[in-house]
Amino acid sequence: ANSHFVASRIKKYYHRDSRVIFPPVDARKFRPINSKGQYFLVVSRIEPYKKVDLVIEVFNKLKLPLKIVGGGTRFEEYRQKVSDNSMRQTELVGRISDEKLVKYYQNAIAVVFPQEEDAGIVPLEAMACGRPVIAYGRGGALESIVNGKTGILFTKQTVKDLFQAVKRFQKVKFDVKVIRRQAEKFDKDLFKKKVLEYIIDKL
């Protein structure tokens with residue numbers, strides 16, 4: 001299973017135990033730089049269940065800079081909403097190369113992760129770049145993010161809860177080295193080692 005969250009569903013519906021091996025991050029590719037951050041960042045497909053519209057609404061209220069990387073069926077709809085916003089604090093960037101994505105992470109103040117995912121690679125990529133994550137506290141995010149140390153978790157996918165989470169985030173001083181060390185626990189070399197150990201064990 002790719003998380004304990006998924007393992008619990010496997011147990012519930014299939015009545016089977018499973019070994020958890022969390023998906024990896026390339027910690028050599030995603031690395032911190034000396035940057036205070038210029039904007040908040042969302043990296044996501046632009047689909048309803050990803051809750052990108054929630055983030056747009058909250059950051060419009062907060063009047064904080066937000067960049068959204070990714071494409072999807074709601075891209076044009078959300079871009080129109082953004083263009084109608086006179087503050088112009090939010091930018092839908094669209095799809096970009098992997099090289100550019102690393103730079104977007106590195107220059108972010110924090111990454112916002114508002115959806116529930118089985119595991120979630122985006123928080124790992126953000127933390128590997130030393131960037132904290134403001135995330136919905138369900139699913140795989142609970143297994144990768146340390147609340148108050150590598151990010152801030154919120155409990156409901158509502159404007160109020162995310163708004164308050166951002167306010168809490170602004171009061172916490174995060175340590176880039178602590179965040180980076182957490183991501184290194186999920187590095188791809190360790191992932192390969194765990195998979196190999198699992199195969200050898202079963203053989």
# chains A, B, ... in the order shown; residues from 1 in each chain; ligands from 1

$ closest_atom_pairs --of "stretch 88-178 of chain A" --to "stretch 56-62 of chain A" --cutoff "8 Å" --atoms "only C-alpha atoms" --output "tab-separated table"
residue	atom	partner	partner_atom	distance
A:Gln89	CA	A:Asn60	CA	7.2
A:Thr90	CA	A:Ile56	CA	7.3
A:Val159	CA	A:Val58	CA	5.8
A:Leu162	CA	A:Val58	CA	7.0
A:Phe163	CA	A:Val58	CA	5.9

$ residues_around --residues "A:Lys103" --least-positions-apart "6" --cutoff "10 Å" --atoms "only C-alpha atoms" --output "PyMOL selection string"
chain A and resi 30-33+129

$ select_by_dssp --residues "stretch 2-137 of chain A" --states "strand (DSSP E)" --output "PyMOL selection string"
chain A and resi 39-43+66-69+90-94+108-113+133-136

$ select_by_dssp --residues "stretch 1-199 of chain A" --states "alpha helix (DSSP H)" --output "PyMOL selection string"
chain A and resi 4-14+52-62+75-83+98-106+122-128+141-144+159-169+176-184+188-199

$ closest_residue --among "A:Arg16, A:Arg138, A:Lys63, A:Arg45" --to "A:Val93" --atoms "only C-alpha atoms"
A:Arg45

$ closest_residue --among "A:Val166, A:Val178, A:Val172, A:Ile199" --to "A:Ile145" --atoms "only C-alpha atoms"
A:Val178

$ residues_around --residues "stretch 191-195 of chain A" --least-positions-apart "5" --cutoff "12 Å" --atoms "only C-alpha atoms" --output "PyMOL selection string"
chain A and resi 1-2+19-27+184-186+200-202

$ write_last_selection --atoms "N, CA and C atoms" --output "CSV table (one decimal), in the first residue's frame"
chain,number,residue,atom,x,y,z
A,1,ALA,N,0.8,-1.2,0.0
A,1,ALA,CA,0.0,0.0,0.0
A,1,ALA,C,0.9,1.2,0.0
A,2,ASN,N,0.4,2.3,-0.6
A,2,ASN,CA,1.2,3.5,-0.7
A,2,ASN,C,1.1,4.5,0.6
A,19,ARG,N,1.8,-4.3,3.4
A,19,ARG,CA,3.0,-3.6,3.8
A,19,ARG,C,3.0,-2.2,3.2
A,20,VAL,N,3.3,-1.2,4.0
A,20,VAL,CA,3.2,0.2,3.5
A,20,VAL,C,4.6,0.7,3.0
A,21,ILE,N,4.7,1.1,1.8
A,21,ILE,CA,5.9,1.7,1.2
A,21,ILE,C,5.4,3.0,0.6
A,22,PHE,N,5.7,4.1,1.2
A,22,PHE,CA,5.2,5.5,0.8
A,22,PHE,C,5.9,5.8,-0.5
A,23,PRO,N,5.2,6.5,-1.5
A,23,PRO,CA,5.8,6.9,-2.7
A,23,PRO,C,7.0,7.8,-2.5
A,24,PRO,N,8.0,7.8,-3.4
A,24,PRO,CA,9.3,8.5,-3.1
A,24,PRO,C,9.3,9.9,-3.7
A,25,VAL,N,10.3,10.7,-3.2
A,25,VAL,CA,10.6,12.0,-3.7
A,25,VAL,C,12.1,12.0,-4.1
A,26,ASP,N,12.4,12.6,-5.2
A,26,ASP,CA,13.8,12.7,-5.7
A,26,ASP,C,14.5,13.9,-4.9
A,27,ALA,N,15.1,13.5,-3.8
A,27,ALA,CA,15.7,14.6,-2.9
A,27,ALA,C,16.9,15.2,-3.5
A,184,GLU,N,13.7,13.8,3.4
A,184,GLU,CA,14.7,12.9,3.1
A,184,GLU,C,14.4,11.5,3.6
A,185,LYS,N,13.4,11.4,4.5
A,185,LYS,CA,12.9,10.1,5.0
A,185,LYS,C,12.1,9.3,3.9
A,186,PHE,N,11.8,10.1,2.8
A,186,PHE,CA,11.0,9.5,1.7
A,186,PHE,C,11.8,9.5,0.4
A,200,ILE,N,12.6,-9.5,-1.6
A,200,ILE,CA,13.5,-10.6,-1.1
A,200,ILE,C,12.8,-11.3,0.0
A,201,ASP,N,12.1,-10.6,0.9
A,201,ASP,CA,11.3,-11.2,2.0
A,201,ASP,C,10.3,-12.2,1.4
A,202,LYS,N,9.6,-11.8,0.4
A,202,LYS,CA,8.5,-12.7,-0.2
A,202,LYS,C,9.1,-13.9,-0.9

$ closest_residue --among "A:Gln157, A:Ser83, A:Ser144, A:Gln170" --to "A:Asp118" --atoms "only C-alpha atoms"
A:Ser144

$ residues_around --residues "A:Glu77" --least-positions-apart "2" --cutoff "12 Å" --atoms "only C-alpha atoms" --output "count of residues only"
17

$ closest_residue --among "A:Arg180, A:Lys160, A:Lys67, A:Arg168" --to "A:Pro123" --atoms "only C-alpha atoms"
A:Arg180

$ residues_around --residues "A:Val176" --least-positions-apart "6" --cutoff "9 Å" --atoms "only C-alpha atoms" --output "number ranges by chain"
A: 32, 127, 129-132, 150

$ closest_residue --among "A:Leu196, A:Ile109, A:Val42, A:Ala165" --to "A:Glu91" --atoms "only C-alpha atoms"
A:Val42

$ atom_distance --atom1 "atom CA of A:Gln182" --atom2 "atom CA of A:Glu116"
20.1 Å

$ decode --residues "stretch 26-41 of chain A" --atoms "all heavy atoms" --output "mmCIF file, in the first residue's frame"
data_model
loop_
_atom_site.group_PDB
_atom_site.id
_atom_site.type_symbol
_atom_site.label_atom_id
_atom_site.label_comp_id
_atom_site.auth_asym_id
_atom_site.auth_seq_id
_atom_site.Cartn_x
_atom_site.Cartn_y
_atom_site.Cartn_z
ATOM 1 N N ASP A 26 12.434 12.637 -5.210
ATOM 2 C CA ASP A 26 13.830 12.711 -5.656
ATOM 3 C C ASP A 26 14.499 13.865 -4.903
ATOM 4 O O ASP A 26 14.463 15.007 -5.335
ATOM 5 C CB ASP A 26 13.886 12.941 -7.166
ATOM 6 C CG ASP A 26 15.303 12.841 -7.721
ATOM 7 O OD1 ASP A 26 16.253 12.897 -6.907
ATOM 8 O OD2 ASP A 26 15.466 12.722 -8.943
ATOM 9 N N ALA A 27 15.102 13.549 -3.772
ATOM 10 C CA ALA A 27 15.679 14.581 -2.905
ATOM 11 C C ALA A 27 16.914 15.238 -3.511
ATOM 12 O O ALA A 27 17.317 16.319 -3.061
ATOM 13 C CB ALA A 27 16.024 13.990 -1.536
ATOM 14 N N ARG A 28 17.514 14.608 -4.524
ATOM 15 C CA ARG A 28 18.647 15.247 -5.201
ATOM 16 C C ARG A 28 18.163 16.310 -6.185
ATOM 17 O O ARG A 28 18.850 17.296 -6.424
ATOM 18 C CB ARG A 28 19.489 14.196 -5.927
ATOM 19 C CG ARG A 28 20.402 13.393 -5.007
ATOM 20 C CD ARG A 28 21.397 12.577 -5.803
ATOM 21 N NE ARG A 28 20.725 11.468 -6.481
ATOM 22 C CZ ARG A 28 20.741 10.210 -6.039
ATOM 23 N NH1 ARG A 28 21.391 9.915 -4.933
ATOM 24 N NH2 ARG A 28 20.114 9.256 -6.693
ATOM 25 N N LYS A 29 17.001 16.079 -6.744
ATOM 26 C CA LYS A 29 16.432 17.015 -7.726
ATOM 27 C C LYS A 29 15.747 18.195 -7.043
ATOM 28 O O LYS A 29 15.921 19.359 -7.439
ATOM 29 C CB LYS A 29 15.427 16.277 -8.612
ATOM 30 C CG LYS A 29 14.725 17.139 -9.632
ATOM 31 C CD LYS A 29 13.778 16.283 -10.454
ATOM 32 C CE LYS A 29 13.017 17.094 -11.466
ATOM 33 N NZ LYS A 29 12.091 16.251 -12.261
ATOM 34 N N PHE A 30 14.965 17.903 -6.009
ATOM 35 C CA PHE A 30 14.246 18.946 -5.269
ATOM 36 C C PHE A 30 15.082 19.326 -4.049
ATOM 37 O O PHE A 30 15.149 18.571 -3.081
ATOM 38 C CB PHE A 30 12.854 18.446 -4.859
ATOM 39 C CG PHE A 30 11.947 18.170 -6.028
ATOM 40 C CD1 PHE A 30 11.904 16.912 -6.611
ATOM 41 C CD2 PHE A 30 11.133 19.174 -6.544
ATOM 42 C CE1 PHE A 30 11.071 16.660 -7.693
ATOM 43 C CE2 PHE A 30 10.296 18.926 -7.621
ATOM 44 C CZ PHE A 30 10.264 17.677 -8.197
ATOM 45 N N ARG A 31 15.715 20.505 -4.116
ATOM 46 C CA ARG A 31 16.634 20.933 -3.073
ATOM 47 C C ARG A 31 16.340 22.376 -2.668
ATOM 48 O O ARG A 31 15.858 23.177 -3.473
ATOM 49 C CB ARG A 31 18.081 20.833 -3.559
ATOM 50 C CG ARG A 31 18.519 19.434 -3.963
ATOM 51 C CD ARG A 31 20.008 19.392 -4.227
ATOM 52 N NE ARG A 31 20.761 19.675 -3.016
ATOM 53 C CZ ARG A 31 21.073 18.757 -2.098
ATOM 54 N NH1 ARG A 31 20.692 17.508 -2.258
ATOM 55 N NH2 ARG A 31 21.760 19.089 -1.038
ATOM 56 N N PRO A 32 16.649 22.744 -1.427
ATOM 57 C CA PRO A 32 16.428 24.131 -0.986
ATOM 58 C C PRO A 32 17.441 25.096 -1.600
ATOM 59 O O PRO A 32 18.543 24.696 -1.976
ATOM 60 C CB PRO A 32 16.618 24.054 0.538
ATOM 61 C CG PRO A 32 16.656 22.601 0.885
ATOM 62 C CD PRO A 32 17.128 21.891 -0.329
ATOM 63 N N ILE A 33 17.049 26.349 -1.703
ATOM 64 C CA ILE A 33 17.974 27.426 -2.032
ATOM 65 C C ILE A 33 17.777 28.524 -0.980
ATOM 66 O O ILE A 33 16.827 28.476 -0.193
ATOM 67 C CB ILE A 33 17.742 28.002 -3.445
ATOM 68 C CG1 ILE A 33 16.326 28.601 -3.557
ATOM 69 C CG2 ILE A 33 17.991 26.950 -4.502
ATOM 70 C CD1 ILE A 33 16.106 29.371 -4.850
ATOM 71 N N ASN A 34 18.655 29.489 -0.994
ATOM 72 C CA ASN A 34 18.554 30.590 -0.036
ATOM 73 C C ASN A 34 17.518 31.599 -0.544
ATOM 74 O O ASN A 34 17.837 32.543 -1.254
ATOM 75 C CB ASN A 34 19.924 31.264 0.142
ATOM 76 C CG ASN A 34 19.904 32.314 1.234
ATOM 77 O OD1 ASN A 34 19.007 32.324 2.076
ATOM 78 N ND2 ASN A 34 20.875 33.205 1.209
ATOM 79 N N SER A 35 16.260 31.376 -0.180
ATOM 80 C CA SER A 35 15.165 32.230 -0.628
ATOM 81 C C SER A 35 14.131 32.374 0.486
ATOM 82 O O SER A 35 13.773 31.391 1.133
ATOM 83 C CB SER A 35 14.491 31.638 -1.874
ATOM 84 O OG SER A 35 13.317 32.349 -2.209
ATOM 85 N N LYS A 36 13.684 33.599 0.722
ATOM 86 C CA LYS A 36 12.647 33.834 1.733
ATOM 87 C C LYS A 36 11.252 33.498 1.208
ATOM 88 O O LYS A 36 10.308 33.397 1.971
ATOM 89 C CB LYS A 36 12.692 35.295 2.201
ATOM 90 C CG LYS A 36 13.939 35.647 2.993
ATOM 91 C CD LYS A 36 13.884 37.082 3.482
ATOM 92 C CE LYS A 36 15.124 37.427 4.300
ATOM 93 N NZ LYS A 36 15.099 38.835 4.782
ATOM 94 N N GLY A 37 11.139 33.346 -0.099
ATOM 95 C CA GLY A 37 9.846 33.048 -0.695
ATOM 96 C C GLY A 37 9.126 34.306 -1.142
ATOM 97 O O GLY A 37 9.169 35.338 -0.469
ATOM 98 N N GLN A 38 8.463 34.198 -2.271
ATOM 99 C CA GLN A 38 7.804 35.359 -2.866
ATOM 100 C C GLN A 38 6.292 35.204 -2.978
ATOM 101 O O GLN A 38 5.587 36.185 -3.195
ATOM 102 C CB GLN A 38 8.384 35.592 -4.268
ATOM 103 C CG GLN A 38 9.892 35.766 -4.285
ATOM 104 C CD GLN A 38 10.470 35.624 -5.676
ATOM 105 O OE1 GLN A 38 9.757 35.740 -6.673
ATOM 106 N NE2 GLN A 38 11.769 35.370 -5.751
ATOM 107 N N TYR A 39 5.780 33.993 -2.842
ATOM 108 C CA TYR A 39 4.358 33.720 -3.076
ATOM 109 C C TYR A 39 3.987 32.385 -2.432
ATOM 110 O O TYR A 39 4.859 31.560 -2.122
ATOM 111 C CB TYR A 39 4.087 33.639 -4.587
ATOM 112 C CG TYR A 39 5.111 32.781 -5.315
ATOM 113 C CD1 TYR A 39 5.050 31.383 -5.286
ATOM 114 C CD2 TYR A 39 6.170 33.370 -5.997
ATOM 115 C CE1 TYR A 39 6.002 30.609 -5.912
ATOM 116 C CE2 TYR A 39 7.136 32.599 -6.632
ATOM 117 C CZ TYR A 39 7.044 31.214 -6.584
ATOM 118 O OH TYR A 39 8.000 30.439 -7.198
ATOM 119 N N PHE A 40 2.715 32.173 -2.240
ATOM 120 C CA PHE A 40 2.209 30.861 -1.858
ATOM 121 C C PHE A 40 1.957 30.078 -3.149
ATOM 122 O O PHE A 40 1.679 30.670 -4.197
ATOM 123 C CB PHE A 40 0.935 30.994 -1.027
ATOM 124 C CG PHE A 40 1.178 31.551 0.347
ATOM 125 C CD1 PHE A 40 1.254 32.931 0.550
ATOM 126 C CD2 PHE A 40 1.343 30.712 1.436
ATOM 127 C CE1 PHE A 40 1.493 33.454 1.807
ATOM 128 C CE2 PHE A 40 1.580 31.231 2.709
ATOM 129 C CZ PHE A 40 1.656 32.601 2.892
ATOM 130 N N LEU A 41 2.048 28.768 -3.067
ATOM 131 C CA LEU A 41 2.027 27.948 -4.275
ATOM 132 C C LEU A 41 1.070 26.769 -4.142
ATOM 133 O O LEU A 41 1.025 26.099 -3.112
ATOM 134 C CB LEU A 41 3.446 27.427 -4.550
ATOM 135 C CG LEU A 41 3.637 26.499 -5.756
ATOM 136 C CD1 LEU A 41 3.391 27.249 -7.062
ATOM 137 C CD2 LEU A 41 5.044 25.899 -5.734
#
